[in-house]
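As stored in run.pdb (PDB, C-alpha atoms):
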```
ATOM      1  CA  MET Y   1       0.000   0.000   0.000
ATOM      2  CA  GLY Y   2       2.832   2.410   0.803
ATOM      3  CA  ARG Y   3       4.685   4.188  -1.979
ATOM      4  CA  VAL Y   4       8.449   3.544  -1.939
ATOM      5  CA  VAL Y   5      10.724   5.277  -4.434
ATOM      6  CA  VAL Y   6      14.497   5.582  -4.818
ATOM      7  CA  GLN Y   7      15.360   8.251  -7.368
ATOM      8  CA  GLN Y   8      17.980  10.782  -8.458
ATOM      9  CA  ALA Y   9      15.439  13.467  -9.353
ATOM     10  CA  PRO Y  10      14.140  16.025  -6.828
ATOM     11  CA  PHE Y  11      10.753  15.333  -5.237
ATOM     12  CA  ASP Y  12       7.778  17.699  -5.100
ATOM     13  CA  VAL Y  13       6.428  17.720  -1.536
ATOM     14  CA  GLY Y  14       3.085  19.227  -2.528
ATOM     15  CA  ALA Y  15       2.546  16.737  -5.340
ATOM     16  CA  GLU Y  16       3.418  13.821  -3.051
ATOM     17  CA  LEU Y  17       0.981  14.940  -0.359
ATOM     18  CA  ALA Y  18      -1.711  15.413  -2.991
ATOM     19  CA  ALA Y  19      -1.070  11.899  -4.338
ATOM     20  CA  LEU Y  20      -1.151  10.440  -0.825
ATOM     21  CA  THR Y  21      -4.598  11.880  -0.126
ATOM     22  CA  ALA Y  22      -6.125  11.741  -3.631
ATOM     23  CA  GLY Y  23      -9.676  10.384  -3.538
ATOM     24  CA  ARG Y  24      -9.570   9.884   0.238
ATOM     25  CA  THR Y  25     -11.903  11.597   2.673
ATOM     26  CA  ASP Y  26     -11.189   9.349   5.660
ATOM     27  CA  ILE Y  27      -7.807  10.903   6.448
ATOM     28  CA  GLY Y  28      -7.650  13.176   9.465
ATOM     29  CA  GLY Y  29      -3.964  13.970   9.505
ATOM     30  CA  ILE Y  30      -0.692  13.602   7.635
ATOM     31  CA  GLY Y  31       2.720  13.422   9.258
ATOM     32  CA  LEU Y  32       5.577  14.686   7.098
ATOM     33  CA  PHE Y  33       9.350  14.613   7.445
ATOM     34  CA  VAL Y  34      11.702  16.042   4.834
ATOM     35  CA  GLY Y  35      15.454  15.657   5.265
ATOM     36  CA  THR Y  36      17.651  18.201   3.476
ATOM     37  CA  VAL Y  37      21.352  18.677   2.783
ATOM     38  CA  ARG Y  38      23.089  20.919   5.354
ATOM     39  CA  ASP Y  39      25.702  23.366   4.060
ATOM     40  CA  SER Y  40      28.325  22.462   6.650
ATOM     41  CA  ALA Y  41      29.715  19.498   8.574
ATOM     42  CA  GLY Y  42      31.560  20.103  11.828
ATOM     43  CA  GLY Y  43      31.961  23.756  10.877
ATOM     44  CA  ARG Y  44      33.421  22.982   7.429
ATOM     45  CA  PRO Y  45      31.476  24.242   4.383
ATOM     46  CA  ILE Y  46      30.016  21.497   2.194
ATOM     47  CA  ALA Y  47      29.973  21.741  -1.608
ATOM     48  CA  ALA Y  48      27.836  18.647  -2.197
ATOM     49  CA  MET Y  49      26.540  15.442  -0.664
ATOM     50  CA  THR Y  50      26.551  12.194  -2.624
ATOM     51  CA  LEU Y  51      24.182   9.386  -1.653
ATOM     52  CA  GLU Y  52      25.258   5.847  -2.507
ATOM     53  CA  HIS Y  53      22.950   2.860  -2.044
ATOM     54  CA  TYR Y  54      22.619  -0.883  -2.611
ATOM     55  CA  PRO Y  55      20.159  -1.280  -5.520
ATOM     56  CA  GLY Y  56      17.771  -4.130  -4.843
ATOM     57  CA  MET Y  57      18.387  -4.360  -1.106
ATOM     58  CA  THR Y  58      17.424  -0.705  -0.685
ATOM     59  CA  GLU Y  59      13.954  -1.203  -2.123
ATOM     60  CA  ARG Y  60      13.495  -4.417  -0.103
ATOM     61  CA  ALA Y  61      14.574  -2.720   3.117
ATOM     62  CA  LEU Y  62      12.310   0.289   2.564
ATOM     63  CA  ALA Y  63       9.345  -1.955   1.728
ATOM     64  CA  ALA Y  64       9.951  -3.919   4.942
ATOM     65  CA  ILE Y  65      10.084  -0.708   6.990
ATOM     66  CA  VAL Y  66       6.830   0.510   5.433
ATOM     67  CA  ALA Y  67       5.179  -2.872   6.078
ATOM     68  CA  GLU Y  68       6.237  -2.672   9.737
ATOM     69  CA  ALA Y  69       4.735   0.824  10.068
ATOM     70  CA  GLU Y  70       1.496  -0.361   8.465
ATOM     71  CA  ALA Y  71       1.365  -3.273  10.918
ATOM     72  CA  ARG Y  72       1.848  -0.995  13.928
ATOM     73  CA  TRP Y  73      -0.411   1.937  13.062
ATOM     74  CA  PRO Y  74      -3.759   2.236  11.236
ATOM     75  CA  LEU Y  75      -2.455   4.109   8.201
ATOM     76  CA  ALA Y  76      -4.515   5.263   5.244
ATOM     77  CA  GLY Y  77      -1.276   5.430   3.284
ATOM     78  CA  CYS Y  78       2.379   6.349   3.459
ATOM     79  CA  THR Y  79       5.134   7.538   1.151
ATOM     80  CA  VAL Y  80       8.904   7.078   1.393
ATOM     81  CA  ILE Y  81      11.089   8.727  -1.246
ATOM     82  CA  HIS Y  82      14.883   8.659  -0.933
ATOM     83  CA  ARG Y  83      17.177  10.390  -3.374
ATOM     84  CA  VAL Y  84      20.566   9.084  -4.505
ATOM     85  CA  GLY Y  85      23.444  10.663  -6.396
ATOM     86  CA  ARG Y  86      24.987  14.109  -6.010
ATOM     87  CA  LEU Y  87      22.919  16.701  -4.110
ATOM     88  CA  ALA Y  88      23.627  20.380  -3.393
ATOM     89  CA  PRO Y  89      23.118  22.055   0.010
ATOM     90  CA  GLY Y  90      19.449  22.866   0.554
ATOM     91  CA  GLU Y  91      18.176  20.052  -1.651
ATOM     92  CA  GLY Y  92      15.791  17.444  -0.293
ATOM     93  CA  ILE Y  93      17.307  14.028   0.509
ATOM     94  CA  VAL Y  94      14.376  12.082   1.882
ATOM     95  CA  LEU Y  95      10.609  12.477   2.184
ATOM     96  CA  VAL Y  96       8.543  10.436   4.620
ATOM     97  CA  ALA Y  97       4.792  10.966   4.931
ATOM     98  CA  ALA Y  98       2.162   8.943   6.794
ATOM     99  CA  ALA Y  99      -1.579   9.538   6.645
ATOM    100  CA  SER Y 100      -4.119   8.293   9.185
ATOM    101  CA  ALA Y 101      -7.532   9.090  10.586
ATOM    102  CA  HIS Y 102      -5.907  10.684  13.633
ATOM    103  CA  ARG Y 103      -2.778  12.719  14.247
ATOM    104  CA  GLN Y 104      -1.102  10.489  16.804
ATOM    105  CA  ALA Y 105      -0.798   7.556  14.428
ATOM    106  CA  ALA Y 106       0.310   9.832  11.581
ATOM    107  CA  LEU Y 107       2.998  11.567  13.648
ATOM    108  CA  GLU Y 108       4.253   8.417  15.348
ATOM    109  CA  ALA Y 109       4.405   6.440  12.116
ATOM    110  CA  THR Y 110       6.326   9.265  10.447
ATOM    111  CA  ALA Y 111       8.894   9.335  13.252
ATOM    112  CA  PHE Y 112       9.158   5.541  13.186
ATOM    113  CA  LEU Y 113       9.673   5.457   9.420
ATOM    114  CA  ILE Y 114      12.536   7.951   9.413
ATOM    115  CA  ASP Y 115      14.156   6.493  12.549
ATOM    116  CA  TRP Y 116      14.152   2.959  11.136
ATOM    117  CA  LEU Y 117      15.139   4.107   7.672
ATOM    118  CA  LYS Y 118      18.243   5.795   9.087
ATOM    119  CA  THR Y 119      19.514   2.567  10.651
ATOM    120  CA  LYS Y 120      18.043  -0.196   8.447
ATOM    121  CA  ALA Y 121      18.179   1.004   4.832
ATOM    122  CA  PRO Y 122      21.483   0.649   2.924
ATOM    123  CA  PHE Y 123      22.344   4.261   2.058
ATOM    124  CA  TRP Y 124      25.684   5.976   2.616
ATOM    125  CA  LYS Y 125      26.382   9.713   2.605
ATOM    126  CA  HIS Y 126      29.618  11.236   1.316
ATOM    127  CA  GLU Y 127      30.235  14.938   1.909
ATOM    128  CA  ALA Y 128      32.518  16.923  -0.416
ATOM    129  CA  PHE Y 129      34.105  19.883   1.368
ATOM    130  CA  ALA Y 130      34.032  23.291  -0.355
ATOM    131  CA  GLU Y 131      37.807  23.630   0.100
ATOM    132  CA  GLY Y 132      38.406  20.216  -1.532
ATOM    133  CA  GLY Y 133      38.487  16.653  -0.291
ATOM    134  CA  GLY Y 134      35.631  14.920   1.426
ATOM    135  CA  HIS Y 135      34.617  12.236   3.878
ATOM    136  CA  TRP Y 136      32.068   9.490   4.433
ATOM    137  CA  VAL Y 137      29.538  10.474   7.061
ATOM    138  CA  GLU Y 138      29.809   8.218  10.108
ATOM    139  CA  ALA Y 139      26.786   6.573  11.664
ATOM    140  CA  ARG Y 140      25.702   8.225  14.904
ATOM    141  CA  GLU Y 141      24.868   6.429  18.130
ATOM    142  CA  THR Y 142      21.940   8.811  18.598
ATOM    143  CA  ASP Y 143      20.407   7.378  15.415
ATOM    144  CA  ASP Y 144      20.722   3.850  16.828
ATOM    145  CA  ALA Y 145      19.116   5.022  20.065
ATOM    146  CA  ALA Y 146      16.265   6.696  18.152
ATOM    147  CA  ALA Y 147      15.598   3.484  16.233
ATOM    148  CA  ALA Y 148      15.917   1.301  19.328
ATOM    149  CA  ARG Y 149      13.123   3.095  21.186
ATOM    150  CA  TRP Y 150      10.661   1.670  18.644
ATOM    151  CA  ALA Y 151      11.770  -1.850  19.510
ATOM    152  CA  THR Y 152       9.988  -1.632  22.853
ATOM    153  CA  GLU Y 153       7.363   1.100  22.337
ATOM    154  CA  ARG Y 154       4.367  -0.594  20.801
ATOM    155  CA  THR Y 155       1.358   1.381  19.692
ATOM    156  CA  ALA Y 156      -2.070   0.105  18.709
TER     157      ALA Y 156
ATOM    158  CA  MET U   1      29.770 -16.172  -5.059
ATOM    159  CA  ARG U   2      29.218 -12.516  -5.875
ATOM    160  CA  VAL U   3      30.738 -10.045  -3.409
ATOM    161  CA  LEU U   4      29.744  -6.362  -3.411
ATOM    162  CA  TYR U   5      31.456  -3.429  -1.695
ATOM    163  CA  PHE U   6      29.979  -0.044  -0.881
ATOM    164  CA  ALA U   7      31.164   3.399   0.286
ATOM    165  CA  TRP U   8      34.725   3.460   1.677
ATOM    166  CA  LEU U   9      35.101  -0.315   1.429
ATOM    167  CA  ARG U  10      34.571   0.013  -2.322
ATOM    168  CA  GLN U  11      37.151   2.810  -2.457
ATOM    169  CA  LYS U  12      39.788   0.976  -0.390
ATOM    170  CA  ILE U  13      39.386  -2.261  -2.345
ATOM    171  CA  GLY U  14      39.083  -0.499  -5.702
ATOM    172  CA  LEU U  15      36.191  -2.715  -6.778
ATOM    173  CA  ALA U  16      32.416  -2.363  -6.592
ATOM    174  CA  GLU U  17      31.996  -6.115  -6.961
ATOM    175  CA  GLU U  18      33.863  -9.308  -7.729
ATOM    176  CA  GLU U  19      33.078 -12.954  -8.399
ATOM    177  CA  VAL U  20      34.949 -15.216  -5.985
ATOM    178  CA  ALA U  21      35.222 -18.949  -5.289
ATOM    179  CA  PRO U  22      36.433 -19.383  -1.713
ATOM    180  CA  PRO U  23      37.466 -22.851  -0.481
ATOM    181  CA  GLU U  24      34.916 -25.091   1.256
ATOM    182  CA  THR U  25      36.383 -24.201   4.634
ATOM    183  CA  VAL U  26      34.802 -20.758   4.231
ATOM    184  CA  ARG U  27      31.344 -21.398   5.677
ATOM    185  CA  ASP U  28      30.346 -18.130   7.330
ATOM    186  CA  VAL U  29      30.722 -14.374   6.995
ATOM    187  CA  ALA U  30      33.625 -14.167   9.452
ATOM    188  CA  ALA U  31      35.619 -16.803   7.539
ATOM    189  CA  LEU U  32      34.804 -15.092   4.256
ATOM    190  CA  ILE U  33      36.218 -11.820   5.607
ATOM    191  CA  ASP U  34      39.406 -13.657   6.676
ATOM    192  CA  TRP U  35      39.737 -15.072   3.183
ATOM    193  CA  LEU U  36      38.913 -11.833   1.348
ATOM    194  CA  ALA U  37      41.285  -9.774   3.526
ATOM    195  CA  ALA U  38      44.198 -11.836   2.184
ATOM    196  CA  ARG U  39      43.408 -11.080  -1.461
ATOM    197  CA  SER U  40      45.134  -7.679  -1.707
ATOM    198  CA  PRO U  41      46.495  -4.812   0.426
ATOM    199  CA  GLY U  42      43.284  -2.924  -0.417
ATOM    200  CA  HIS U  43      41.135  -5.766   0.903
ATOM    201  CA  ALA U  44      43.309  -5.932   4.033
ATOM    202  CA  ALA U  45      42.867  -2.187   4.596
ATOM    203  CA  ALA U  46      39.098  -2.358   4.083
ATOM    204  CA  PHE U  47      38.698  -5.197   6.602
ATOM    205  CA  ALA U  48      41.330  -3.950   9.088
ATOM    206  CA  ASP U  49      38.697  -2.795  11.602
ATOM    207  CA  ARG U  50      35.798  -5.231  11.476
ATOM    208  CA  THR U  51      33.833  -3.346  14.105
ATOM    209  CA  VAL U  52      32.945  -0.782  11.410
ATOM    210  CA  VAL U  53      32.103  -3.324   8.689
ATOM    211  CA  ARG U  54      28.519  -4.470   8.182
ATOM    212  CA  CYS U  55      27.344  -7.324   5.961
ATOM    213  CA  ALA U  56      24.313  -8.483   4.015
ATOM    214  CA  VAL U  57      23.815 -11.991   2.619
ATOM    215  CA  ASN U  58      21.357 -12.172  -0.266
ATOM    216  CA  GLN U  59      20.229  -8.609   0.554
ATOM    217  CA  ASP U  60      19.410  -9.239   4.216
ATOM    218  CA  PHE U  61      21.592  -7.887   7.037
ATOM    219  CA  ALA U  62      23.797 -10.679   8.361
ATOM    220  CA  THR U  63      26.013 -11.248  11.400
ATOM    221  CA  PRO U  64      29.573 -12.698  11.317
ATOM    222  CA  ASP U  65      28.244 -16.184  12.116
ATOM    223  CA  ALA U  66      25.747 -16.174   9.234
ATOM    224  CA  PRO U  67      26.360 -19.000   6.743
ATOM    225  CA  VAL U  68      27.593 -18.273   3.212
ATOM    226  CA  ARG U  69      27.705 -20.668   0.277
ATOM    227  CA  ALA U  70      28.348 -20.759  -3.456
ATOM    228  CA  GLY U  71      25.836 -18.678  -5.396
ATOM    229  CA  ASP U  72      25.200 -16.222  -2.566
ATOM    230  CA  GLU U  73      25.318 -12.457  -3.002
ATOM    231  CA  VAL U  74      27.359 -11.072  -0.109
ATOM    232  CA  ALA U  75      27.784  -7.332   0.447
ATOM    233  CA  PHE U  76      30.150  -5.459   2.773
ATOM    234  CA  PHE U  77      29.671  -1.833   3.754
ATOM    235  CA  PRO U  78      30.015   0.631   6.653
ATOM    236  CA  PRO U  79      27.119   1.282   9.052
ATOM    237  CA  VAL U  80      24.333   2.904   7.038
ATOM    238  CA  THR U  81      23.883   6.690   7.051
ATOM    239  CA  GLY U  82      20.772   7.408   4.974
ATOM    240  CA  GLY U  83      17.830   9.601   5.841
TER     241      GLY U  83
END
```
Render the structure in this file as C-alpha cells.
Amino acid sequence: MGRVVVQQAPFDVGAELAALTAGRTDIGGIGLFVGTVRDSAGGRPIAAMTLEHYPGMTERALAAIVAEAEARWPLAGCTVIHRVGRLAPGEGIVLVAAASAHRQAALEATAFLIDWLKTKAPFWKHEAFAEGGGHWVEARETDDAAAARWATERTA
Amino acid sequence: MRVLYFAWLRQKIGLAEEEVAPPETVRDVAALIDWLAARSPGHAAAFADRTVVRCAVNQDFATPDAPVRAGDEVAFFPPVTGG
C-alpha cells in the first residue's frame, strides 16, 4: 500500500501529499518529514553530498520498513522517497509521509519510518568539502538510540 | 559467489563487486572476511577494523556467524547513514 521510491530526481512535496490523499476523505492527519542537505559538517562548508545505495536491497529494506509501520499503526497510506546521487546544500534528501484518521498515528508512524530508515536502509552519505576533499559520514549512536526506542514502544 | 562493496570499502578495495570462489572451509561471513582480507592490500585495509564493517547476505543484514555458500550475493559496507 505504501509508496516507496528511490530516485535521483528532486521530489515535489506538494505533489506527493496530494497523491497520498487523492480520492480519500477518511484521512484526518498527515505526518511529514523532509530531510535536506546541510551546508556544513563540523563547521566545514560542504559543496555537495553524494548518496550511494545498494540497488535491490534498498527497495526491499524500505518496503519492509513501510510494512512494519502499516502493521503498527492504522495508516490510510504512506510515502517514502529517498534520493541518490549528487545533491547540493538545501536540496531534499528524503521524504517520509504517513496519513491516518488521527494525528497520533500519523505523527508516530512518520517518526518511526525515518528512525528505522536511518539505521536499516542501505544508504551511505559522502560529503565533499568546499575547500576540496571529502569524507564518508559516520553513523551516529543517537540514530541507533532513536531506532531502538521503537523496539519496545508498541502502539495500537 | 558474488561479493559487493559499498562506500569506503569500495574505495579501499578499488572494486564495486567481484566474483569469488572461496574454499569449502569458508562457511560463514567471518571466515569469508578472513579469506577476502588476504586477497590484496586494499582488501586488508578495508577489513582492518571489522567493528565498522557491516554485511548483508542475499540482501538481508547478516552477522559474522551467518552461513555463506556458493551462489550467494554477499555485500560489505560501513554502518548505514541514509535519511
Once the PyMOL selection byres ((chain U and resi 77) around 9) is applied to the coordinates I shared, what remains selected? I want it as a list in words. Pro122 and Trp124 of chain Y; Leu4, Tyr5, Phe6, Ala7, Trp8, Leu9, Arg10, Val52, Val53, Arg54, Cys55, Ala56, Ala75, Phe76, Pro78, Pro79 and Val80 of chain U
Would you list the contacts of stretch 11-22 of chain Y as a list in words, taking every protein, DNA or RNA residue within 9 Å and counting all atoms listed in the file, but skipping same-chain residues closer than 2 positions in sequence? Arg3, Gln7, Ala9, Arg24, Thr25, Ile27, Ile30, Leu32, Val34, Ala76, Gly77, Cys78, Thr79, Ile81, His82, Arg83, Gly92, Ile93, Val94, Leu95, Ala97, Ala98 and Ala99 of chain Y
What is the distance, in Å and to one decimal place, between atom CA of Y:Phe123 and atom CA of Y:Thr50?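 Pair atom CA of Y:Phe123 / atom CA of Y:Thr50 returns 10.1 Å.
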Could you list, as a ChimeraX atom specification, every residue of chain Y that has an atom within 12 Å of an atom of chain U, counting only C-alpha atoms? /Y:6,33-37,49-62,64,80-84,92-96,111,113-127,134-144
I'd like the neighbourhood of stretch 30-46 of chain U as a compact mmCIF listing (two decimals) with C-alpha atoms, in the coordinates of the input, where a residue qualifies if any of its atoms comes within 7 Å (using only C-alpha atoms), though same-chain residues fewer than 2 positions away should be ignored.
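Saved to selection08.txt:
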```
# COMPACT_ATOMS: atom_id res chain seq x y z
CA LEU U 9 35.10 -0.32 1.43
CA LYS U 12 39.79 0.98 -0.39
CA ILE U 13 39.39 -2.26 -2.35
CA VAL U 26 34.80 -20.76 4.23
CA ARG U 27 31.34 -21.40 5.68
CA ASP U 28 30.35 -18.13 7.33
CA ALA U 48 41.33 -3.95 9.09
CA PRO U 64 29.57 -12.70 11.32
CA ASP U 65 28.24 -16.18 12.12
```
Enumerate, as a ChimeraX atom specification, the residues matched when the PyMOL selection byres ((chain Y and resi 46) around 10) is run on the file above. /Y:37-45,47-49,88-89,127-132,134
Dump of C-alpha atoms for the selected residues, as a compact mmCIF listing (two decimals), keeping the file's coordinate frame:
```txt
# COMPACT_ATOMS: atom_id res chain seq x y z
CA VAL Y 37 21.35 18.68 2.78
CA ARG Y 38 23.09 20.92 5.35
CA ASP Y 39 25.70 23.37 4.06
CA SER Y 40 28.32 22.46 6.65
CA ALA Y 41 29.72 19.50 8.57
CA GLY Y 42 31.56 20.10 11.83
CA GLY Y 43 31.96 23.76 10.88
CA ARG Y 44 33.42 22.98 7.43
CA PRO Y 45 31.48 24.24 4.38
CA ALA Y 47 29.97 21.74 -1.61
CA ALA Y 48 27.84 18.65 -2.20
CA MET Y 49 26.54 15.44 -0.66
CA ALA Y 88 23.63 20.38 -3.39
CA PRO Y 89 23.12 22.06 0.01
CA GLU Y 127 30.24 14.94 1.91
CA ALA Y 128 32.52 16.92 -0.42
CA PHE Y 129 34.10 19.88 1.37
CA ALA Y 130 34.03 23.29 -0.36
CA GLU Y 131 37.81 23.63 0.10
CA GLY Y 132 38.41 20.22 -1.53
CA GLY Y 134 35.63 14.92 1.43
```
Matched chain/residue IDs from the PyMOL selection byres ((chain U and resi 73) around 6), as a list in words: Arg2, Val3, Val57, Asn58, Asp72 and Val74 of chain U
Atom CA of Y:Ala147 to atom CA of Y:Gly29, straight-line distance in Å: 23.2 Å
One number please: atom CA of Y:Ala109 to atom CA of Y:Gly23, in Å, one decimal. 21.4 Å
Which of these, Y:Val5, Y:Ala145, Y:Leu107, Y:Leu75, has the shortest distance to Y:Ala63 once you count all atoms listed in the file?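 Nearest to Y:Ala63: Y:Val5.
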